[in-house]
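Heads up, query_23.cif below (mmCIF, N, CA and C atoms):
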```cif
data_input
#
loop_
_atom_site.group_PDB
_atom_site.id
_atom_site.type_symbol
_atom_site.label_atom_id
_atom_site.label_comp_id
_atom_site.auth_asym_id
_atom_site.auth_seq_id
_atom_site.Cartn_x
_atom_site.Cartn_y
_atom_site.Cartn_z
ATOM 1 N N MET A 1 0.834 -1.158 0.000
ATOM 2 C CA MET A 1 0.000 0.000 0.000
ATOM 3 C C MET A 1 0.894 1.241 0.000
ATOM 4 N N LEU A 2 0.476 2.252 -0.737
ATOM 5 C CA LEU A 2 1.207 3.510 -0.793
ATOM 6 C C LEU A 2 0.436 4.526 0.032
ATOM 7 N N ALA A 3 1.059 5.042 1.074
ATOM 8 C CA ALA A 3 0.426 6.034 1.933
ATOM 9 C C ALA A 3 0.756 7.436 1.443
ATOM 10 N N TYR A 4 -0.080 8.390 1.806
ATOM 11 C CA TYR A 4 0.099 9.787 1.405
ATOM 12 C C TYR A 4 1.428 10.345 1.904
ATOM 13 N N ASN A 5 1.835 9.942 3.104
ATOM 14 C CA ASN A 5 3.112 10.379 3.653
ATOM 15 C C ASN A 5 3.578 9.350 4.688
ATOM 16 N N ASP A 6 4.746 9.552 5.247
ATOM 17 C CA ASP A 6 5.297 8.588 6.202
ATOM 18 C C ASP A 6 4.454 8.474 7.464
ATOM 19 N N LEU A 7 3.897 9.583 7.938
ATOM 20 C CA LEU A 7 3.069 9.511 9.143
ATOM 21 C C LEU A 7 1.837 8.647 8.921
ATOM 22 N N MET A 8 1.212 8.769 7.766
ATOM 23 C CA MET A 8 0.067 7.915 7.441
ATOM 24 C C MET A 8 0.511 6.458 7.332
ATOM 25 N N ALA A 9 1.682 6.234 6.771
ATOM 26 C CA ALA A 9 2.201 4.870 6.648
ATOM 27 C C ALA A 9 2.459 4.266 8.026
ATOM 28 N N ILE A 10 2.931 5.078 8.967
ATOM 29 C CA ILE A 10 3.170 4.596 10.328
ATOM 30 C C ILE A 10 1.846 4.181 10.969
ATOM 31 N N GLY A 11 0.811 4.982 10.785
ATOM 32 C CA GLY A 11 -0.515 4.607 11.274
ATOM 33 C C GLY A 11 -1.025 3.347 10.611
ATOM 34 N N LEU A 12 -0.752 3.208 9.327
ATOM 35 C CA LEU A 12 -1.138 2.007 8.592
ATOM 36 C C LEU A 12 -0.418 0.779 9.135
ATOM 37 N N LEU A 13 0.871 0.911 9.397
ATOM 38 C CA LEU A 13 1.622 -0.201 9.994
ATOM 39 C C LEU A 13 1.003 -0.628 11.317
ATOM 40 N N ASP A 14 0.623 0.344 12.138
ATOM 41 C CA ASP A 14 0.018 0.056 13.433
ATOM 42 C C ASP A 14 -1.320 -0.667 13.253
ATOM 43 N N GLY A 15 -2.138 -0.183 12.338
ATOM 44 C CA GLY A 15 -3.431 -0.814 12.080
ATOM 45 C C GLY A 15 -3.305 -2.221 11.532
ATOM 46 N N LEU A 16 -2.368 -2.422 10.632
ATOM 47 C CA LEU A 16 -2.151 -3.764 10.073
ATOM 48 C C LEU A 16 -1.681 -4.726 11.160
ATOM 49 N N HIS A 17 -0.814 -4.241 12.038
ATOM 50 C CA HIS A 17 -0.346 -5.058 13.157
ATOM 51 C C HIS A 17 -1.525 -5.449 14.060
ATOM 52 N N ALA A 18 -2.415 -4.495 14.317
ATOM 53 C CA ALA A 18 -3.588 -4.760 15.150
ATOM 54 C C ALA A 18 -4.497 -5.812 14.527
ATOM 55 N N LEU A 19 -4.505 -5.887 13.204
ATOM 56 C CA LEU A 19 -5.302 -6.902 12.503
ATOM 57 C C LEU A 19 -4.592 -8.251 12.422
ATOM 58 N N GLY A 20 -3.372 -8.289 12.907
ATOM 59 C CA GLY A 20 -2.612 -9.527 12.855
ATOM 60 C C GLY A 20 -1.890 -9.747 11.541
ATOM 61 N N LEU A 21 -1.817 -8.715 10.716
ATOM 62 C CA LEU A 21 -1.109 -8.825 9.439
ATOM 63 C C LEU A 21 0.357 -8.490 9.641
ATOM 64 N N ARG A 22 1.201 -9.193 8.908
ATOM 65 C CA ARG A 22 2.643 -8.999 9.011
ATOM 66 C C ARG A 22 3.152 -8.223 7.806
ATOM 67 N N VAL A 23 3.917 -7.192 8.098
ATOM 68 C CA VAL A 23 4.545 -6.385 7.053
ATOM 69 C C VAL A 23 6.025 -6.709 7.059
ATOM 70 N N PRO A 24 6.580 -7.154 5.948
ATOM 71 C CA PRO A 24 6.059 -7.227 4.597
ATOM 72 C C PRO A 24 5.547 -8.607 4.178
ATOM 73 N N ALA A 25 5.493 -9.584 5.075
ATOM 74 C CA ALA A 25 5.098 -10.943 4.675
ATOM 75 C C ALA A 25 3.690 -10.984 4.082
ATOM 76 N N ASP A 26 2.750 -10.231 4.664
ATOM 77 C CA ASP A 26 1.375 -10.237 4.179
ATOM 78 C C ASP A 26 1.061 -9.058 3.279
ATOM 79 N N LEU A 27 1.725 -7.944 3.496
ATOM 80 C CA LEU A 27 1.413 -6.720 2.774
ATOM 81 C C LEU A 27 2.613 -5.792 2.812
ATOM 82 N N SER A 28 2.875 -5.108 1.712
ATOM 83 C CA SER A 28 3.959 -4.120 1.659
ATOM 84 C C SER A 28 3.397 -2.735 1.914
ATOM 85 N N VAL A 29 4.188 -1.891 2.580
ATOM 86 C CA VAL A 29 3.775 -0.521 2.887
ATOM 87 C C VAL A 29 4.892 0.433 2.478
ATOM 88 N N VAL A 30 4.505 1.520 1.800
ATOM 89 C CA VAL A 30 5.449 2.554 1.368
ATOM 90 C C VAL A 30 4.902 3.911 1.779
ATOM 91 N N GLY A 31 5.760 4.755 2.331
ATOM 92 C CA GLY A 31 5.384 6.117 2.679
ATOM 93 C C GLY A 31 6.059 7.101 1.733
ATOM 94 N N ILE A 32 5.813 8.375 2.003
ATOM 95 C CA ILE A 32 6.442 9.429 1.205
ATOM 96 C C ILE A 32 6.898 10.524 2.161
ATOM 97 N N ASP A 33 8.142 10.889 2.136
ATOM 98 C CA ASP A 33 8.729 11.990 2.888
ATOM 99 C C ASP A 33 10.124 11.646 3.404
ATOM 100 N N ASP A 34 10.353 10.410 3.779
ATOM 101 C CA ASP A 34 11.600 9.969 4.408
ATOM 102 C C ASP A 34 11.884 10.762 5.685
ATOM 103 N N ILE A 35 10.882 10.808 6.576
ATOM 104 C CA ILE A 35 11.114 11.452 7.863
ATOM 105 C C ILE A 35 12.031 10.569 8.704
ATOM 106 N N THR A 36 12.704 11.156 9.653
ATOM 107 C CA THR A 36 13.708 10.449 10.446
ATOM 108 C C THR A 36 13.161 9.192 11.105
ATOM 109 N N VAL A 37 11.974 9.270 11.656
ATOM 110 C CA VAL A 37 11.416 8.126 12.386
ATOM 111 C C VAL A 37 11.182 6.907 11.484
ATOM 112 N N SER A 38 11.063 7.121 10.177
ATOM 113 C CA SER A 38 10.831 5.987 9.273
ATOM 114 C C SER A 38 11.997 5.000 9.272
ATOM 115 N N ARG A 39 13.183 5.490 9.663
ATOM 116 C CA ARG A 39 14.359 4.615 9.747
ATOM 117 C C ARG A 39 14.424 3.873 11.082
ATOM 118 N N LEU A 40 13.634 4.313 12.062
ATOM 119 C CA LEU A 40 13.709 3.760 13.407
ATOM 120 C C LEU A 40 12.634 2.724 13.687
ATOM 121 N N LEU A 41 11.664 2.601 12.807
ATOM 122 C CA LEU A 41 10.552 1.670 13.001
ATOM 123 C C LEU A 41 10.997 0.230 12.816
ATOM 124 N N ARG A 42 10.162 -0.673 13.258
ATOM 125 C CA ARG A 42 10.321 -2.100 12.951
ATOM 126 C C ARG A 42 9.022 -2.587 12.363
ATOM 127 N N PRO A 43 8.928 -2.892 11.086
ATOM 128 C CA PRO A 43 10.024 -2.838 10.119
ATOM 129 C C PRO A 43 10.328 -1.394 9.703
ATOM 130 N N LYS A 44 11.574 -1.188 9.292
ATOM 131 C CA LYS A 44 11.955 0.124 8.772
ATOM 132 C C LYS A 44 11.118 0.408 7.528
ATOM 133 N N LEU A 45 10.626 1.633 7.428
ATOM 134 C CA LEU A 45 9.669 1.988 6.390
ATOM 135 C C LEU A 45 10.337 2.304 5.053
ATOM 136 N N THR A 46 9.886 1.620 4.008
ATOM 137 C CA THR A 46 10.267 1.985 2.642
ATOM 138 C C THR A 46 9.555 3.295 2.329
ATOM 139 N N THR A 47 10.246 4.219 1.699
ATOM 140 C CA THR A 47 9.679 5.551 1.501
ATOM 141 C C THR A 47 10.208 6.192 0.227
ATOM 142 N N VAL A 48 9.555 7.245 -0.185
ATOM 143 C CA VAL A 48 10.022 8.050 -1.305
ATOM 144 C C VAL A 48 10.520 9.366 -0.739
ATOM 145 N N SER A 49 11.767 9.661 -0.995
ATOM 146 C CA SER A 49 12.363 10.914 -0.539
ATOM 147 C C SER A 49 12.144 11.964 -1.612
ATOM 148 N N ASN A 50 11.657 13.128 -1.195
ATOM 149 C CA ASN A 50 11.486 14.211 -2.150
ATOM 150 C C ASN A 50 12.078 15.491 -1.568
ATOM 151 N N PRO A 51 12.585 16.339 -2.409
ATOM 152 C CA PRO A 51 13.285 17.542 -1.945
ATOM 153 C C PRO A 51 12.321 18.679 -1.612
ATOM 154 N N THR A 52 11.664 18.614 -0.454
ATOM 155 C CA THR A 52 10.652 19.617 -0.111
ATOM 156 C C THR A 52 11.249 21.021 0.018
ATOM 157 N N ALA A 53 12.436 21.141 0.592
ATOM 158 C CA ALA A 53 13.055 22.468 0.721
ATOM 159 C C ALA A 53 13.354 23.047 -0.661
ATOM 160 N N ALA A 54 13.876 22.228 -1.547
ATOM 161 C CA ALA A 54 14.171 22.693 -2.908
ATOM 162 C C ALA A 54 12.885 23.060 -3.642
ATOM 163 N N ALA A 55 11.817 22.314 -3.405
ATOM 164 C CA ALA A 55 10.527 22.633 -4.041
ATOM 165 C C ALA A 55 10.027 23.993 -3.571
ATOM 166 N N GLY A 56 10.161 24.256 -2.282
ATOM 167 C CA GLY A 56 9.742 25.546 -1.747
ATOM 168 C C GLY A 56 10.555 26.700 -2.311
ATOM 169 N N ARG A 57 11.876 26.518 -2.349
ATOM 170 C CA ARG A 57 12.743 27.565 -2.902
ATOM 171 C C ARG A 57 12.418 27.821 -4.367
ATOM 172 N N THR A 58 12.211 26.751 -5.109
ATOM 173 C CA THR A 58 11.908 26.881 -6.536
ATOM 174 C C THR A 58 10.578 27.597 -6.741
ATOM 175 N N ALA A 59 9.582 27.268 -5.933
ATOM 176 C CA ALA A 59 8.272 27.921 -6.050
ATOM 177 C C ALA A 59 8.382 29.416 -5.774
ATOM 178 N N VAL A 60 9.127 29.794 -4.747
ATOM 179 C CA VAL A 60 9.311 31.215 -4.430
ATOM 180 C C VAL A 60 10.045 31.912 -5.568
ATOM 181 N N ASP A 61 11.098 31.295 -6.075
ATOM 182 C CA ASP A 61 11.837 31.887 -7.198
ATOM 183 C C ASP A 61 10.922 32.104 -8.405
ATOM 184 N N MET A 62 10.087 31.116 -8.689
ATOM 185 C CA MET A 62 9.178 31.227 -9.832
ATOM 186 C C MET A 62 8.164 32.345 -9.605
ATOM 187 N N LEU A 63 7.648 32.473 -8.396
ATOM 188 C CA LEU A 63 6.699 33.550 -8.095
ATOM 189 C C LEU A 63 7.343 34.920 -8.265
ATOM 190 N N LEU A 64 8.581 35.040 -7.829
ATOM 191 C CA LEU A 64 9.281 36.319 -7.933
ATOM 192 C C LEU A 64 9.592 36.692 -9.382
ATOM 193 N N GLN A 65 9.703 35.700 -10.255
ATOM 194 C CA GLN A 65 10.026 35.954 -11.656
ATOM 195 C C GLN A 65 8.792 36.165 -12.532
ATOM 196 N N LEU A 66 7.605 35.939 -11.977
ATOM 197 C CA LEU A 66 6.389 36.090 -12.783
ATOM 198 C C LEU A 66 6.179 37.539 -13.173
ATOM 199 N N GLY A 67 5.601 37.708 -14.335
ATOM 200 C CA GLY A 67 5.271 39.055 -14.787
ATOM 201 C C GLY A 67 3.961 39.524 -14.170
ATOM 202 N N ASP A 68 3.432 40.637 -14.679
ATOM 203 C CA ASP A 68 2.206 41.207 -14.145
ATOM 204 C C ASP A 68 0.997 40.289 -14.324
ATOM 205 N N ASP A 69 1.007 39.457 -15.360
ATOM 206 C CA ASP A 69 -0.163 38.602 -15.595
ATOM 207 C C ASP A 69 -0.179 37.357 -14.699
ATOM 208 N N ARG A 70 0.906 37.107 -13.966
ATOM 209 C CA ARG A 70 1.002 36.000 -12.996
ATOM 210 C C ARG A 70 0.746 34.628 -13.616
ATOM 211 N N ARG A 71 1.132 34.471 -14.871
ATOM 212 C CA ARG A 71 0.977 33.185 -15.554
ATOM 213 C C ARG A 71 2.336 32.679 -15.995
ATOM 214 N N THR A 72 2.460 31.365 -15.994
ATOM 215 C CA THR A 72 3.701 30.758 -16.466
ATOM 216 C C THR A 72 3.404 29.396 -17.072
ATOM 217 N N THR A 73 4.240 28.990 -17.973
ATOM 218 C CA THR A 73 4.158 27.635 -18.522
ATOM 219 C C THR A 73 5.399 26.839 -18.118
ATOM 220 N N ALA A 74 6.171 27.420 -17.217
ATOM 221 C CA ALA A 74 7.408 26.767 -16.786
ATOM 222 C C ALA A 74 7.100 25.457 -16.069
ATOM 223 N N GLN A 75 7.951 24.490 -16.301
ATOM 224 C CA GLN A 75 7.848 23.202 -15.613
ATOM 225 C C GLN A 75 9.177 22.925 -14.929
ATOM 226 N N VAL A 76 9.097 22.401 -13.734
ATOM 227 C CA VAL A 76 10.292 22.071 -12.970
ATOM 228 C C VAL A 76 10.193 20.606 -12.557
ATOM 229 N N ILE A 77 11.246 19.892 -12.782
ATOM 230 C CA ILE A 77 11.305 18.488 -12.356
ATOM 231 C C ILE A 77 12.366 18.378 -11.276
ATOM 232 N N LEU A 78 11.933 17.946 -10.107
ATOM 233 C CA LEU A 78 12.853 17.778 -8.989
ATOM 234 C C LEU A 78 13.089 16.284 -8.762
ATOM 235 N N PRO A 79 14.281 15.909 -8.354
ATOM 236 C CA PRO A 79 14.592 14.489 -8.194
ATOM 237 C C PRO A 79 13.906 13.883 -6.972
ATOM 238 N N THR A 80 13.441 12.659 -7.118
ATOM 239 C CA THR A 80 12.923 11.878 -5.998
ATOM 240 C C THR A 80 13.711 10.575 -5.951
ATOM 241 N N GLU A 81 13.625 9.894 -4.826
ATOM 242 C CA GLU A 81 14.363 8.639 -4.682
ATOM 243 C C GLU A 81 13.533 7.653 -3.882
ATOM 244 N N LEU A 82 13.384 6.450 -4.412
ATOM 245 C CA LEU A 82 12.747 5.372 -3.672
ATOM 246 C C LEU A 82 13.791 4.764 -2.752
ATOM 247 N N ILE A 83 13.523 4.787 -1.452
ATOM 248 C CA ILE A 83 14.441 4.230 -0.470
ATOM 249 C C ILE A 83 13.829 2.932 0.050
ATOM 250 N N VAL A 84 14.338 1.823 -0.438
ATOM 251 C CA VAL A 84 13.781 0.516 -0.093
ATOM 252 C C VAL A 84 14.344 0.067 1.244
ATOM 253 N N ARG A 85 13.426 -0.180 2.169
ATOM 254 C CA ARG A 85 13.807 -0.676 3.486
ATOM 255 C C ARG A 85 13.055 -1.979 3.749
ATOM 256 N N ASP A 86 12.648 -2.202 4.975
ATOM 257 C CA ASP A 86 12.106 -3.508 5.365
ATOM 258 C C ASP A 86 10.600 -3.665 5.221
ATOM 259 N N SER A 87 9.862 -2.619 4.881
ATOM 260 C CA SER A 87 8.403 -2.722 4.857
ATOM 261 C C SER A 87 7.839 -3.164 3.509
ATOM 262 N N THR A 88 8.709 -3.519 2.580
ATOM 263 C CA THR A 88 8.245 -4.014 1.289
ATOM 264 C C THR A 88 8.838 -5.388 1.023
ATOM 265 N N GLY A 89 8.067 -6.179 0.298
ATOM 266 C CA GLY A 89 8.505 -7.536 -0.012
ATOM 267 C C GLY A 89 7.887 -8.004 -1.319
ATOM 268 N N PRO A 90 7.949 -9.292 -1.582
ATOM 269 C CA PRO A 90 7.427 -9.849 -2.833
ATOM 270 C C PRO A 90 5.935 -9.567 -3.012
ATOM 271 N N GLY A 91 5.562 -9.165 -4.210
ATOM 272 C CA GLY A 91 4.180 -8.804 -4.480
ATOM 273 C C GLY A 91 3.142 -9.907 -4.440
ATOM 274 N N PRO A 92 3.330 -11.020 -5.121
ATOM 275 C CA PRO A 92 2.260 -12.023 -5.210
ATOM 276 C C PRO A 92 1.785 -12.538 -3.856
ATOM 277 N N HIS A 93 2.659 -12.650 -2.891
ATOM 278 C CA HIS A 93 2.275 -13.198 -1.596
ATOM 279 C C HIS A 93 1.558 -12.163 -0.747
ATOM 280 N N ALA A 94 1.847 -10.911 -0.939
ATOM 281 C CA ALA A 94 1.285 -9.854 -0.100
ATOM 282 C C ALA A 94 -0.225 -9.738 -0.288
ATOM 283 N N PHE A 95 -0.709 -9.673 -1.506
ATOM 284 C CA PHE A 95 -2.123 -9.455 -1.753
ATOM 285 C C PHE A 95 -2.953 -10.658 -1.331
ATOM 286 N N ALA A 96 -2.471 -11.855 -1.558
ATOM 287 C CA ALA A 96 -3.207 -13.063 -1.175
ATOM 288 C C ALA A 96 -3.417 -13.115 0.328
ATOM 289 N N GLY A 97 -2.442 -12.669 1.113
ATOM 290 C CA GLY A 97 -2.563 -12.692 2.565
ATOM 291 C C GLY A 97 -3.659 -11.771 3.068
ATOM 292 N N VAL A 98 -3.850 -10.628 2.434
ATOM 293 C CA VAL A 98 -4.879 -9.687 2.862
ATOM 294 C C VAL A 98 -6.260 -10.252 2.575
ATOM 295 N N LEU A 99 -6.445 -10.793 1.391
ATOM 296 C CA LEU A 99 -7.762 -11.300 1.022
ATOM 297 C C LEU A 99 -8.196 -12.490 1.870
ATOM 298 N N SER A 100 -7.255 -13.229 2.401
ATOM 299 C CA SER A 100 -7.623 -14.394 3.197
ATOM 300 C C SER A 100 -7.770 -14.064 4.678
ATOM 301 N N HIS A 101 -7.515 -12.824 5.061
ATOM 302 C CA HIS A 101 -7.616 -12.437 6.467
ATOM 303 C C HIS A 101 -9.083 -12.484 6.907
ATOM 304 N N PRO A 102 -9.370 -12.990 8.122
ATOM 305 C CA PRO A 102 -10.758 -13.132 8.599
ATOM 306 C C PRO A 102 -11.570 -11.833 8.584
ATOM 307 N N SER A 103 -10.935 -10.690 8.726
ATOM 308 C CA SER A 103 -11.678 -9.432 8.747
ATOM 309 C C SER A 103 -12.290 -9.100 7.374
ATOM 310 N N TYR A 104 -11.845 -9.785 6.326
ATOM 311 C CA TYR A 104 -12.400 -9.565 4.982
ATOM 312 C C TYR A 104 -13.424 -10.617 4.604
ATOM 313 N N ALA A 105 -13.720 -11.549 5.496
ATOM 314 C CA ALA A 105 -14.680 -12.615 5.186
ATOM 315 C C ALA A 105 -16.075 -12.012 5.030
ATOM 316 N N LYS A 106 -16.807 -12.460 4.020
ATOM 317 C CA LYS A 106 -18.169 -11.991 3.798
ATOM 318 C C LYS A 106 -19.100 -12.683 4.760
ATOM 319 N N GLU A 107 -20.055 -11.930 5.262
ATOM 320 C CA GLU A 107 -21.016 -12.519 6.209
ATOM 321 C C GLU A 107 -22.254 -12.961 5.495
#
```
With the file now loaded, output its structure as structure tokens.
Amino acid sequence: MLAYNDLMAIGLLDGLHALGLRVPADLSVVGIDDITVSRLLRPKLTTVSNPTAAAGRTAVDMLLQLGDDRRTTAQVILPTELIVRDSTGPGPHAFAGVLSHPSYAKE
């Protein structure tokens, strides 16, 4: 599962643990942000690192360079990096484990 950010992924890890699911044996989890705590968890969180400070600086620079009409067609591509840690594993086994979990049984 891909979470909106690392904090959401941490909550997801906690919820999956409460359901008795094992990460990454039953399900893989990925966050976005690479916050410091993501390296301290068990399992360590796989995450996408993005340059938030550089994005902010670039946005301010672009705003300062805009003309009176405040329009631009400029595009900026900033580097991101997938940091693979312990919360991801083989795909085929992960999805099957979730579907067979008792909490998904139809009544």
Practice prompt. Tell me, as a PyMOL selection string, which residues lie within 9 Å of Ser28 in chain A, counting only C-alpha atoms; anything in the same chain fewer than 3 positions away does not count.
Written response: chain A and resi 1-2+22-25+46+86-91+94-95
Worksheet item: Could you work out how far CA of Asp33 in chain A lies from CA of Leu21 in chain A, giving the answer in Å with one decimal?
Response: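 Between CA of Leu21 in chain A and CA of Asp33 in chain A the gap works out to 23.9 Å.
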So which bits of chain A end up helix (DSSP H, G or I) when you DSSP the backbone, as an mmCIF file with N, CA and C atoms, in the frame of the given file?
```cif
data_model
loop_
_atom_site.group_PDB
_atom_site.id
_atom_site.type_symbol
_atom_site.label_atom_id
_atom_site.label_comp_id
_atom_site.auth_asym_id
_atom_site.auth_seq_id
_atom_site.Cartn_x
_atom_site.Cartn_y
_atom_site.Cartn_z
ATOM 1 N N ASP A 6 4.746 9.552 5.247
ATOM 2 C CA ASP A 6 5.297 8.588 6.202
ATOM 3 C C ASP A 6 4.454 8.474 7.464
ATOM 4 N N LEU A 7 3.897 9.583 7.938
ATOM 5 C CA LEU A 7 3.069 9.511 9.143
ATOM 6 C C LEU A 7 1.837 8.647 8.921
ATOM 7 N N MET A 8 1.212 8.769 7.766
ATOM 8 C CA MET A 8 0.067 7.915 7.441
ATOM 9 C C MET A 8 0.511 6.458 7.332
ATOM 10 N N ALA A 9 1.682 6.234 6.771
ATOM 11 C CA ALA A 9 2.201 4.870 6.648
ATOM 12 C C ALA A 9 2.459 4.266 8.026
ATOM 13 N N ILE A 10 2.931 5.078 8.967
ATOM 14 C CA ILE A 10 3.170 4.596 10.328
ATOM 15 C C ILE A 10 1.846 4.181 10.969
ATOM 16 N N GLY A 11 0.811 4.982 10.785
ATOM 17 C CA GLY A 11 -0.515 4.607 11.274
ATOM 18 C C GLY A 11 -1.025 3.347 10.611
ATOM 19 N N LEU A 12 -0.752 3.208 9.327
ATOM 20 C CA LEU A 12 -1.138 2.007 8.592
ATOM 21 C C LEU A 12 -0.418 0.779 9.135
ATOM 22 N N LEU A 13 0.871 0.911 9.397
ATOM 23 C CA LEU A 13 1.622 -0.201 9.994
ATOM 24 C C LEU A 13 1.003 -0.628 11.317
ATOM 25 N N ASP A 14 0.623 0.344 12.138
ATOM 26 C CA ASP A 14 0.018 0.056 13.433
ATOM 27 C C ASP A 14 -1.320 -0.667 13.253
ATOM 28 N N GLY A 15 -2.138 -0.183 12.338
ATOM 29 C CA GLY A 15 -3.431 -0.814 12.080
ATOM 30 C C GLY A 15 -3.305 -2.221 11.532
ATOM 31 N N LEU A 16 -2.368 -2.422 10.632
ATOM 32 C CA LEU A 16 -2.151 -3.764 10.073
ATOM 33 C C LEU A 16 -1.681 -4.726 11.160
ATOM 34 N N HIS A 17 -0.814 -4.241 12.038
ATOM 35 C CA HIS A 17 -0.346 -5.058 13.157
ATOM 36 C C HIS A 17 -1.525 -5.449 14.060
ATOM 37 N N ALA A 18 -2.415 -4.495 14.317
ATOM 38 C CA ALA A 18 -3.588 -4.760 15.150
ATOM 39 C C ALA A 18 -4.497 -5.812 14.527
ATOM 40 N N THR A 36 12.704 11.156 9.653
ATOM 41 C CA THR A 36 13.708 10.449 10.446
ATOM 42 C C THR A 36 13.161 9.192 11.105
ATOM 43 N N VAL A 37 11.974 9.270 11.656
ATOM 44 C CA VAL A 37 11.416 8.126 12.386
ATOM 45 C C VAL A 37 11.182 6.907 11.484
ATOM 46 N N SER A 38 11.063 7.121 10.177
ATOM 47 C CA SER A 38 10.831 5.987 9.273
ATOM 48 C C SER A 38 11.997 5.000 9.272
ATOM 49 N N ARG A 39 13.183 5.490 9.663
ATOM 50 C CA ARG A 39 14.359 4.615 9.747
ATOM 51 C C ARG A 39 14.424 3.873 11.082
ATOM 52 N N THR A 52 11.664 18.614 -0.454
ATOM 53 C CA THR A 52 10.652 19.617 -0.111
ATOM 54 C C THR A 52 11.249 21.021 0.018
ATOM 55 N N ALA A 53 12.436 21.141 0.592
ATOM 56 C CA ALA A 53 13.055 22.468 0.721
ATOM 57 C C ALA A 53 13.354 23.047 -0.661
ATOM 58 N N ALA A 54 13.876 22.228 -1.547
ATOM 59 C CA ALA A 54 14.171 22.693 -2.908
ATOM 60 C C ALA A 54 12.885 23.060 -3.642
ATOM 61 N N ALA A 55 11.817 22.314 -3.405
ATOM 62 C CA ALA A 55 10.527 22.633 -4.041
ATOM 63 C C ALA A 55 10.027 23.993 -3.571
ATOM 64 N N GLY A 56 10.161 24.256 -2.282
ATOM 65 C CA GLY A 56 9.742 25.546 -1.747
ATOM 66 C C GLY A 56 10.555 26.700 -2.311
ATOM 67 N N ARG A 57 11.876 26.518 -2.349
ATOM 68 C CA ARG A 57 12.743 27.565 -2.902
ATOM 69 C C ARG A 57 12.418 27.821 -4.367
ATOM 70 N N THR A 58 12.211 26.751 -5.109
ATOM 71 C CA THR A 58 11.908 26.881 -6.536
ATOM 72 C C THR A 58 10.578 27.597 -6.741
ATOM 73 N N ALA A 59 9.582 27.268 -5.933
ATOM 74 C CA ALA A 59 8.272 27.921 -6.050
ATOM 75 C C ALA A 59 8.382 29.416 -5.774
ATOM 76 N N VAL A 60 9.127 29.794 -4.747
ATOM 77 C CA VAL A 60 9.311 31.215 -4.430
ATOM 78 C C VAL A 60 10.045 31.912 -5.568
ATOM 79 N N ASP A 61 11.098 31.295 -6.075
ATOM 80 C CA ASP A 61 11.837 31.887 -7.198
ATOM 81 C C ASP A 61 10.922 32.104 -8.405
ATOM 82 N N MET A 62 10.087 31.116 -8.689
ATOM 83 C CA MET A 62 9.178 31.227 -9.832
ATOM 84 C C MET A 62 8.164 32.345 -9.605
ATOM 85 N N LEU A 63 7.648 32.473 -8.396
ATOM 86 C CA LEU A 63 6.699 33.550 -8.095
ATOM 87 C C LEU A 63 7.343 34.920 -8.265
ATOM 88 N N LEU A 64 8.581 35.040 -7.829
ATOM 89 C CA LEU A 64 9.281 36.319 -7.933
ATOM 90 C C LEU A 64 9.592 36.692 -9.382
ATOM 91 N N GLN A 65 9.703 35.700 -10.255
ATOM 92 C CA GLN A 65 10.026 35.954 -11.656
ATOM 93 C C GLN A 65 8.792 36.165 -12.532
ATOM 94 N N GLY A 91 5.562 -9.165 -4.210
ATOM 95 C CA GLY A 91 4.180 -8.804 -4.480
ATOM 96 C C GLY A 91 3.142 -9.907 -4.440
ATOM 97 N N PRO A 92 3.330 -11.020 -5.121
ATOM 98 C CA PRO A 92 2.260 -12.023 -5.210
ATOM 99 C C PRO A 92 1.785 -12.538 -3.856
ATOM 100 N N HIS A 93 2.659 -12.650 -2.891
ATOM 101 C CA HIS A 93 2.275 -13.198 -1.596
ATOM 102 C C HIS A 93 1.558 -12.163 -0.747
ATOM 103 N N ALA A 94 1.847 -10.911 -0.939
ATOM 104 C CA ALA A 94 1.285 -9.854 -0.100
ATOM 105 C C ALA A 94 -0.225 -9.738 -0.288
ATOM 106 N N PHE A 95 -0.709 -9.673 -1.506
ATOM 107 C CA PHE A 95 -2.123 -9.455 -1.753
ATOM 108 C C PHE A 95 -2.953 -10.658 -1.331
ATOM 109 N N ALA A 96 -2.471 -11.855 -1.558
ATOM 110 C CA ALA A 96 -3.207 -13.063 -1.175
ATOM 111 C C ALA A 96 -3.417 -13.115 0.328
ATOM 112 N N GLY A 97 -2.442 -12.669 1.113
ATOM 113 C CA GLY A 97 -2.563 -12.692 2.565
ATOM 114 C C GLY A 97 -3.659 -11.771 3.068
ATOM 115 N N VAL A 98 -3.850 -10.628 2.434
ATOM 116 C CA VAL A 98 -4.879 -9.687 2.862
ATOM 117 C C VAL A 98 -6.260 -10.252 2.575
ATOM 118 N N LEU A 99 -6.445 -10.793 1.391
ATOM 119 C CA LEU A 99 -7.762 -11.300 1.022
ATOM 120 C C LEU A 99 -8.196 -12.490 1.870
ATOM 121 N N PRO A 102 -9.370 -12.990 8.122
ATOM 122 C CA PRO A 102 -10.758 -13.132 8.599
ATOM 123 C C PRO A 102 -11.570 -11.833 8.584
ATOM 124 N N SER A 103 -10.935 -10.690 8.726
ATOM 125 C CA SER A 103 -11.678 -9.432 8.747
ATOM 126 C C SER A 103 -12.290 -9.100 7.374
ATOM 127 N N TYR A 104 -11.845 -9.785 6.326
ATOM 128 C CA TYR A 104 -12.400 -9.565 4.982
ATOM 129 C C TYR A 104 -13.424 -10.617 4.604
#
```
Fill in: Expansion of the PyMOL selection byres ((chain A and resi 48) around 6) into residues, as a PyMOL selection string
chain A and resi 31-34+46-47+49-50+81-83
Worksheet item: How far is it from atom C of Ala9 in chain A to atom C of Leu27 in chain A, in Å with one decimal?
Response: 11.3 Å
Practice prompt. Figure out the distance between atom N of Leu78 in chain A and CA of Ala55 in chain A, please, to one decimal in Å.
Written response: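 Rounded to one decimal, the two atoms are 7.8 Å apart.
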Discussion item. Just want the 10 Å neighbourhood of Thr36 in chain A, counted on only C-alpha atoms, with same-chain residues fewer than 4 positions away dropped. Output as a PyMOL selection string.
Written reply: chain A and resi 6+40-41
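Those residues of chain A that DSSP, working from the backbone, places in strand (DSSP E) are A:Val30, A:Gly31, A:Ile32, A:Thr46, A:Thr47, A:Val48, A:Ser49, A:Glu81, A:Leu82, A:Ile83.
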Item to complete: Considering only N, CA and C atoms, return as a ChimeraX atom specification whatever protein or nucleic-acid residues lie within 6 Å of range 51-53 of chain A, sequence-local ones (same chain, fewer than 4 positions apart) excluded.
Response: /A:57-58,79-80
